[in-house]
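A.B. asks: Sharing a structure here in structure tokens format.
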Amino acid sequence: YQRRVHGADNDVQFYVIDAFKVAQEAGMGRFINQIMQACFYQLSGVMPPEESITTLKKSVEKMYKKKGPEVINKNKKAIDSTLANLIKINYPKDKWSNVKPSTHQSFVMPNQRIPSYIRQVVENHIESILHPCNSLEGDKIPVSAFVPGGYVPTSTSQFERRGLAAQVPVWEPEKCTQCNYCAVSCPHSVIRPFLLTRAEAKSAPVGFKLLNAKGGAELSGLHYSIQVDAMDCTGCAVCVRTCPDDALHMHPFESVSKEQMPFWDFAINLPPRNPLDKTTVKGSQFTPPLLEFPEACAGCGESPYMKILTQLFGERMVIANASGCSSVLSQRSLTVNNRGQGPAWGRSLFEDNAEYGFGMFLGNRTRRQTLAKSVQEALDTLELSTSLRGAFSGWLETMNEYDKSLKHIQVIESVLPGIKDTNPLLSKIYDRLDIFRPQSQWIIGGDGWAYDIGFGGLDHVISLGLNVNILVLDTELYSNTGGQVSKATQLSTVVKFASDGKSKLKKDLGRMAMTYENVYVASVALGADMNQTLKAFKEAESYPGPSIIIALAPCIDWGIESNSTMTIMKQAVDCGYWPLYRFDPRNTLHGRPALTLDTPAMIKGDMEAFLHSQNRFDRLQRENPDKAQNLHKELARANTQQHAYHKRMAMDDQDLLEHLQRKLGQKSSSGSLAMILYGSETGHAAEVAKGLSHELKRRDIRAKVLPLDDFDVEDLPNMSSVYVVISTCGQGEIPNNAKSFWKSLSDPSRPSDWLNKCQFAVFGLGDSSYLFFNKAAKMFDARLSELGGNRVVPLGIGDDKHDEKYETAWQEWLPELWSKIGAPSPAKELMPPTYQVTLSTPDGSASVPLSFPEFTQAKLAVNRRLSPDNHFRSIVHYEFNTGDAGLTYNAGDVMWVQPNNPPEAVAKFAQVLGLNLESVVRVENPSDKVPSGLTVGQVLGQVLDICGRPQRRFLELMEMLASDDSQRGQLTKILSPSGKEDMKKLLSETPTYAELMTKFPSVSVPLGYLLDYIPALRPRLYSIASAPELHRDRVHLCIVENQWKADQSPIAVRNGVCTSYLQNQKEGTLLNVSVRPGSFALPPSHETPMVLVALGTGIAPCRSLLQQRKAAFDRGEKVGPTALFIGVRHQSSEYHYREEWESMHNNGQGFLKGLFTAFSHDQPNLIFVQHKMEEVPELLYDYLGKNKGYFLMCGPAGDAPTAIRNAIAKSFVSVGKNTAEQAETLLTEMQLNGRYNNEVW
């Protein structure tokens, strides 16, 4: 208000200009300084307008001469356009003169998930300190308002909301593959992914964009959304350029900010949710960053690294930050999580930051050592409760391991406050509660500190061998002080104090650190390999000694566009300018080279193109071409030499021998080689490929692992064996490190017998929730076969939707591979069991109850058989009292049920092992899977899946433990390459662990090995068959008993563990259950048309959705047209819930407009659901094609899903007048948009 009054009273003239628009039209991006100068000279009258324009252009020529003619011409164009866009604003002077002060401003944190005690401190700080400073009234702040020592609270950057971007990104969900690369690359933490439950999605503001979350079973039933904080975005567009799917586009700030901000505020106040591994690229971004809205340049290359560090370790980080860009961008931008935990931060001078951080480490270590002595004294001298004694003991064993110690710390934190006043020692321990958690000490700074002024301290700290982590943000110049030369500056760079191009190569800090041999060293570039960067962070933090990570951090002082940060990093690695490696001394303990080279083996990028893309190099080319050419050649030579050095360091003995023999022109003495090639975007396929190599070497087969693009395709015919492990990216795309290989392999001119001397096998990694499931693997498998390759085993299909992820298929594919190639069995060595177990004699005392933390006990209220007693299958309706258990659910959710093994199987298994069911199992190193104090009966009945299908590794264990020569010989034959049929016969006769043990009585497996080799008894998942709108406190299930016949088993019929367990439970029994979101997509509203197809007990989720619509219909709400197709064998025995369907249909007057039944075996000719669907093509096209409805098919897999899809496609052709190809495209689009759902088993 003061500015308005002053302006009106002094007759101030008010002008505005959209300078960003002028800059963009002139090709200058965000730079508006010349435009604003032109405005100043036009309005100030310092000189005549025409003369000022001419003078300004001359200054541009002089100022930007070093940046080249293109930059000069863009600035001149912007100056010429300025005056035409300068607009005068006429304002009401009378009103402005009399404007009154606004009411007291309230400062409320946007993120209300932060604990209230922290919010209060931050809000008071904003009101009493920062707001007066921003209002130019800092001189009025009393000294008493400041905290002694210079401490300031974190989380203050949330109040910035400056709205300074001319354009901000907008998400287009229909193109998004949910990779989260945009969030990884964002320098300002303003674009983030969020996971929502169905209830949260339903409560989202109108217009909030959502997708069904994809990427593994952990994300089933959740919604995915990308949200942008328009008010804190700088408009750098790094996210747009990084997005591989073209799913982000820049839009004018004023056109989208008002719409976006309510979405952002809603999203950041959702409960944090990250079911994935946070050390993966995708998983890391579901953890809220604890560095947000940093005051960094648009497109900053440093801040993404610091942001990711806080996502991995932020709740326990202690940071010593050297003065420079990184300290400026982080000092007000750190925040805390919803538990109030976040980085502790302090800034040091340039000179001594390493020593400063090392001092922090020593101080914390001393405090924790003192705490450990006090805890041990309490254990030795005090009477403590069982829980606290166990927690104290567990903490002492794991005090330096964050994940392992956390469960003990949580017990201590919950128990100690209540008893601290009972003893001085406990009070003393309570006072040190803040240091029970092990801290992660980080020393962070730029290259000016690490390479130059602070190098002596850095070198001293890493030489001491203690557990500190160092991150060097390498911009290759002094960024914060104006772009001066440093020892990190590369040869030929033109910067301050090296105006004619630096004449020396940059210092190799990583190589120098590696000479200590006990220091973890990594060189990373986030934009080149995000996965490698996260791996390096994880490995460095876990390494129990000093670590140093050198991170390439492009800077605008390089003369690059702000949106090119990530792209520049990739170009730097591709052309060999910047190496990627990880030097981990722990590798040598396992006989592997310490250095892992992550840079591509073959450098394919264009070094000259990379140098010309940055003014720091291109300037020398313009000013002194001859010198530039010579220095650039020297740089290329040095980079080639460095790459060769790293390659040699990364070789094992066998690879080095081959390398030297080739170099000397000698023939390799190593024999044939199995080449393992992988295509990986996130690093998962690379790890699987390395695992395959390890298994081949265990079988005395030489193997080498390379990314597909690092292998010369022309060498394929020379390979005797090639194994490909490949993931599929996005919507059926080849991973980036396999695209060049695939392009060459796809050359149509290659002959069909090109690979006739090469045998191959392909294993794919994917997620069946994606439409193009494992497409890349299928393409490679087909192409290698087309070129004459000899397929050793069928294509392996790994699926992240399985409980064991890819392992399910891998464990079937791998033994088949060993059998086909005749691989010898690996050397048999029985390692000690993971769990050290002792059995104590039953003494009548109560055993420890087995808890399932993620489950709740709910009462079984109804157990009612639906099918007739004489029917060959038992179909049962169950109801659980979830209201009493505190469980809530939504339509479409699923219920997990934790079963027990059958008592008779448990008793038989214990008898074979000679175990007493009442004996107590004491475990020296307990875990969540196996706590100490359970009885043998609990372990066999509730922990181990003794009724599961035995895995090959269990048979290998039995072979080593068999005491009878005949039985051991039988097992050896079964496990041999020629014993495949014997294996099948054995598992058909004895398809469970319990039965297998009875067949080989001489095998006595100690309980410790059983805990290692038999998987845990897993819960089973069932679709909920009710809706909370009709049954708020009850969950209904409709389940068919799982029965099957084992061909050669003496037992005629077998029953599934969980279905038989449920059938035997009496009403009123408490069972362990859990409610989770379902996996299929729900329509946005009840008005959306739906077509439901239920086969057998697939009726359950359909009933849930129909009950939800019925409740809406009964409330008088508009419900879209709905159709239900039911397919069962017989109407009399399997047409369940008939009265409900007929009531909802009400002869066509209800909301269920179509009710169609197919009783397949009630007439001589079989009639299936697809036949009924083909009778009503108009309905199908009207609901699904014309009116964009949703489709759900639920039931057993087989031919039905394909036949049903074909019926819908026919309706799109016959009624919609599409071609068959167009109909298929429309159905594919339905799947991509979540409108076409199959839930099959």
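Here's how to read the names in the structure tokens: chain A, B, ... by the order shown, residue numbers from 1 in each chain, ligand numbers from 1 in the order shown.
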Would you list the contacts of A:Val894 as a list in words, taking every protein, DNA or RNA residue within 10 Å and counting only C-alpha atoms, but skipping same-chain residues closer than 5 positions in sequence?

C.D. replies: Gly221, Tyr889, Leu1021, Tyr1022, Ser1023, Ile1024, Ala1025, Val1035, Leu1037, Ser1074, Val1075, Arg1076, Pro1077, Gly1078, Ser1079, Ala1100 and Pro1101 of chain A

A.B. asks: If you count only C-alpha atoms, which residues fall within 12 Å of A:Ala183, apart from same-chain ones fewer than 3 positions away, as a PDB file with C-alpha atoms, in the first residue's frame?

C.D. replies:
```
ATOM      1  CA  PRO A 169       5.354 -27.405 -17.606  1.00  0.00           C
ATOM      2  CA  TRP A 171       1.574 -32.844 -17.773  1.00  0.00           C
ATOM      3  CA  GLN A 178       5.492 -43.118 -15.253  1.00  0.00           C
ATOM      4  CA  CYS A 179       9.301 -43.257 -15.367  1.00  0.00           C
ATOM      5  CA  ASN A 180       9.682 -40.250 -12.997  1.00  0.00           C
ATOM      6  CA  CYS A 186      14.122 -31.055 -11.828  1.00  0.00           C
ATOM      7  CA  PRO A 187      16.642 -28.695 -10.189  1.00  0.00           C
ATOM      8  CA  HIS A 188      13.988 -27.025  -8.032  1.00  0.00           C
ATOM      9  CA  SER A 189      11.815 -29.917  -6.750  1.00  0.00           C
ATOM     10  CA  VAL A 190       8.734 -28.365  -8.322  1.00  0.00           C
ATOM     11  CA  ILE A 191       7.600 -31.341 -10.380  1.00  0.00           C
ATOM     12  CA  ARG A 192       6.839 -34.478  -8.392  1.00  0.00           C
ATOM     13  CA  PRO A 193       4.983 -37.788  -8.734  1.00  0.00           C
ATOM     14  CA  PHE A 194       2.302 -38.747  -6.233  1.00  0.00           C
ATOM     15  CA  SER A 225      -0.219 -38.223 -10.789  1.00  0.00           C
ATOM     16  CA  ILE A 226       2.433 -35.690 -11.756  1.00  0.00           C
ATOM     17  CA  GLN A 227       1.911 -32.250 -10.238  1.00  0.00           C
ATOM     18  CA  VAL A 228       3.764 -28.983 -10.828  1.00  0.00           C
ATOM     19  CA  ASP A 229       4.301 -26.119  -8.387  1.00  0.00           C
ATOM     20  CA  ALA A 237      12.187 -26.716 -18.995  1.00  0.00           C
ATOM     21  CA  VAL A 238      14.804 -29.323 -18.026  1.00  0.00           C
ATOM     22  CA  CYS A 239      11.942 -31.702 -17.232  1.00  0.00           C
ATOM     23  CA  VAL A 240      10.402 -31.205 -20.675  1.00  0.00           C
ATOM     24  CA  THR A 242      14.376 -34.958 -20.199  1.00  0.00           C
ATOM     25  CA  CYS A 243      10.950 -36.590 -20.594  1.00  0.00           C
ATOM     26  CA  LEU A 248       5.344 -32.486 -20.728  1.00  0.00           C
ATOM     27  CA  VAL A 281      15.298 -44.192 -10.069  1.00  0.00           C
ATOM     28  CA  LYS A 282      11.518 -44.462 -10.012  1.00  0.00           C
ATOM     29  CA  GLY A 283      11.206 -45.291  -6.317  1.00  0.00           C
ATOM     30  CA  SER A 284      13.426 -42.416  -5.191  1.00  0.00           C
ATOM     31  CA  GLN A 285      10.961 -39.841  -6.473  1.00  0.00           C
ATOM     32  CA  PHE A 286       8.013 -41.072  -4.428  1.00  0.00           C
ATOM     33  CA  THR A 287       9.970 -40.061  -1.328  1.00  0.00           C
ATOM     34  CA  PRO A 288       9.404 -36.329  -0.740  1.00  0.00           C
ATOM     35  CA  PRO A 289      12.609 -34.336  -1.308  1.00  0.00           C
ATOM     36  CA  GLU A 292      12.899 -27.918  -2.187  1.00  0.00           C
ATOM     37  CA  PRO A 304      19.419 -32.287  -8.500  1.00  0.00           C
ATOM     38  CA  TYR A 305      22.234 -34.252  -6.850  1.00  0.00           C
ATOM     39  CA  LYS A 307      17.886 -33.149  -3.801  1.00  0.00           C
ATOM     40  CA  ILE A 308      18.290 -36.870  -4.522  1.00  0.00           C
ATOM     41  CA  GLN A 311      15.450 -38.368  -0.757  1.00  0.00           C
ATOM     42  CA  MET A 530      20.397 -41.893 -13.446  1.00  0.00           C
TER      43      MET A 530
END
```

A.B. asks: Quick one: residues within 9 Å of A:Asp700, only C-alpha atoms counted, chain neighbours fewer than 6 positions away excluded, as a list in words?

C.D. replies: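 The neighbour list is Ala823, Pro824 and Pro826 of chain A.
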
A.B. asks: Between A:Tyr224, A:Phe358, A:Phe266, A:Phe436, which residue has the minimum interatomic distance to A:Arg316, considering only C-alpha atoms?

C.D. replies: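 Selected residue with least distance to A:Arg316: A:Phe436.
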
A.B. asks: Taking only C-alpha atoms into account, which of A:Gly29, A:Ile141, A:Glu786, A:Glu172 comes nearest A:Ile560?

C.D. replies: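 Counting only C-alpha atoms, the residue closest to A:Ile560 is A:Gly29.
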
A.B. asks: Smallest atom-to-atom distance to A:Gly605: which of A:Gln571, A:Asn98, A:Gln158, A:Gln42, using only C-alpha atoms?

C.D. replies: A:Gln571

A.B. asks: Once you count only C-alpha atoms, what closest atom pair and distance in Å to one decimal does each residue of stretch 1064-1124 of chain A within 8 Å of stretch 1175-1184 of chain A have, with rows by chain and rising residue number, as a Markdown table?

C.D. replies:
```
| residue | atom | partner | partner_atom | distance |
| --- | --- | --- | --- | --- |
| A:Pro1089 | CA | A:Tyr1183 | CA | 5.5 |
| A:Met1090 | CA | A:Tyr1183 | CA | 6.7 |
| A:Val1091 | CA | A:Tyr1183 | CA | 7.3 |
| A:Pro1121 | CA | A:Tyr1183 | CA | 7.3 |
```

A.B. asks: Record the distance separating atom CA of A:Gly1216 and atom CA of A:Met1193, expressed in Å with one decimal.

C.D. replies: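 Between these atoms lies a distance of 21.6 Å.
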
A.B. asks: Excluding same-chain residues fewer than 3 positions from stretch 490-494 of chain A, what lies within 9 Å of it counting only C-alpha atoms, as a PyMOL selection string?

C.D. replies: chain A and resi 476-477+485-487+497-507+615-620+627-628+631-632+634-635

A.B. asks: Report, in Å to a single decimal, how far apart atom CA of A:Asn1238 and atom CA of A:Phe763 are.

C.D. replies: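 For atom CA of A:Phe763 relative to atom CA of A:Asn1238, the distance reads 24.6 Å.
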
A.B. asks: Pick out the residues sitting within 10 Å of stretch 674-679 of chain A, and hand them over as a PyMOL selection string; count only C-alpha atoms, and ignore anything fewer than 6 positions along from it in its own chain.

C.D. replies: chain A and resi 685-690+692-693+696-697+701-711+716+719-729+734-739+741+759-765+776-777

A.B. asks: Based on DSSP run over this structure's backbone, return all residues of stretch 35-183 of chain A in strand (DSSP E or B), as a list in words.

C.D. replies: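 After running DSSP on the backbone, stretch 35-183 of chain A has strand (DSSP E or B) at Ile87, Lys88, Ile89, Gln167, Val168, Pro169, Val170 and Trp171 of chain A.
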
A.B. asks: Counting only C-alpha atoms, figure out which residue out of A:Lys373, A:Trp1241, A:Gly665, A:Ser874 gets nearest to A:His802.

C.D. replies: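 For A:His802, the nearest of the candidates is A:Trp1241.
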
A.B. asks: Between atom CA of A:Asp265 and atom CA of A:Ala296, measure the distance and give it in Å to one decimal.

C.D. replies: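 Separating atom CA of A:Asp265 from atom CA of A:Ala296 is a distance of 22.5 Å.
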
A.B. asks: Considering only helix (DSSP H, G or I) as DSSP defines it on the backbone, what residues of stretch 424-592 of chain A qualify? List them as JSON, numbers by chain.

C.D. replies: {"A": [424, 425, 426, 427, 428, 429, 430, 431, 433, 434, 435, 447, 448, 449, 450, 451, 452, 453, 455, 456, 457, 458, 459, 460, 461, 462, 463, 509, 510, 511, 512, 513, 514, 530, 531, 532, 533, 534, 535, 536, 537, 538, 539, 540, 541, 542, 556, 557, 558, 562, 563, 564, 565, 566, 567, 568, 569, 570, 571, 572, 573, 574, 585, 586, 587, 588, 589, 590]}

A.B. asks: So, counting only C-alpha atoms, which residue among A:Glu829, A:Glu70, A:Glu377, A:Asp245 is closest to A:Cys176?

C.D. replies: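 Distance minimum relative to A:Cys176 lands on A:Asp245.
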
A.B. asks: Contacts of A:Leu56 at 9 Å or less, counting only C-alpha atoms, minus same-chain residues fewer than 6 places along, as a ChimeraX atom specification?

C.D. replies: /A:34,37-38,76,79
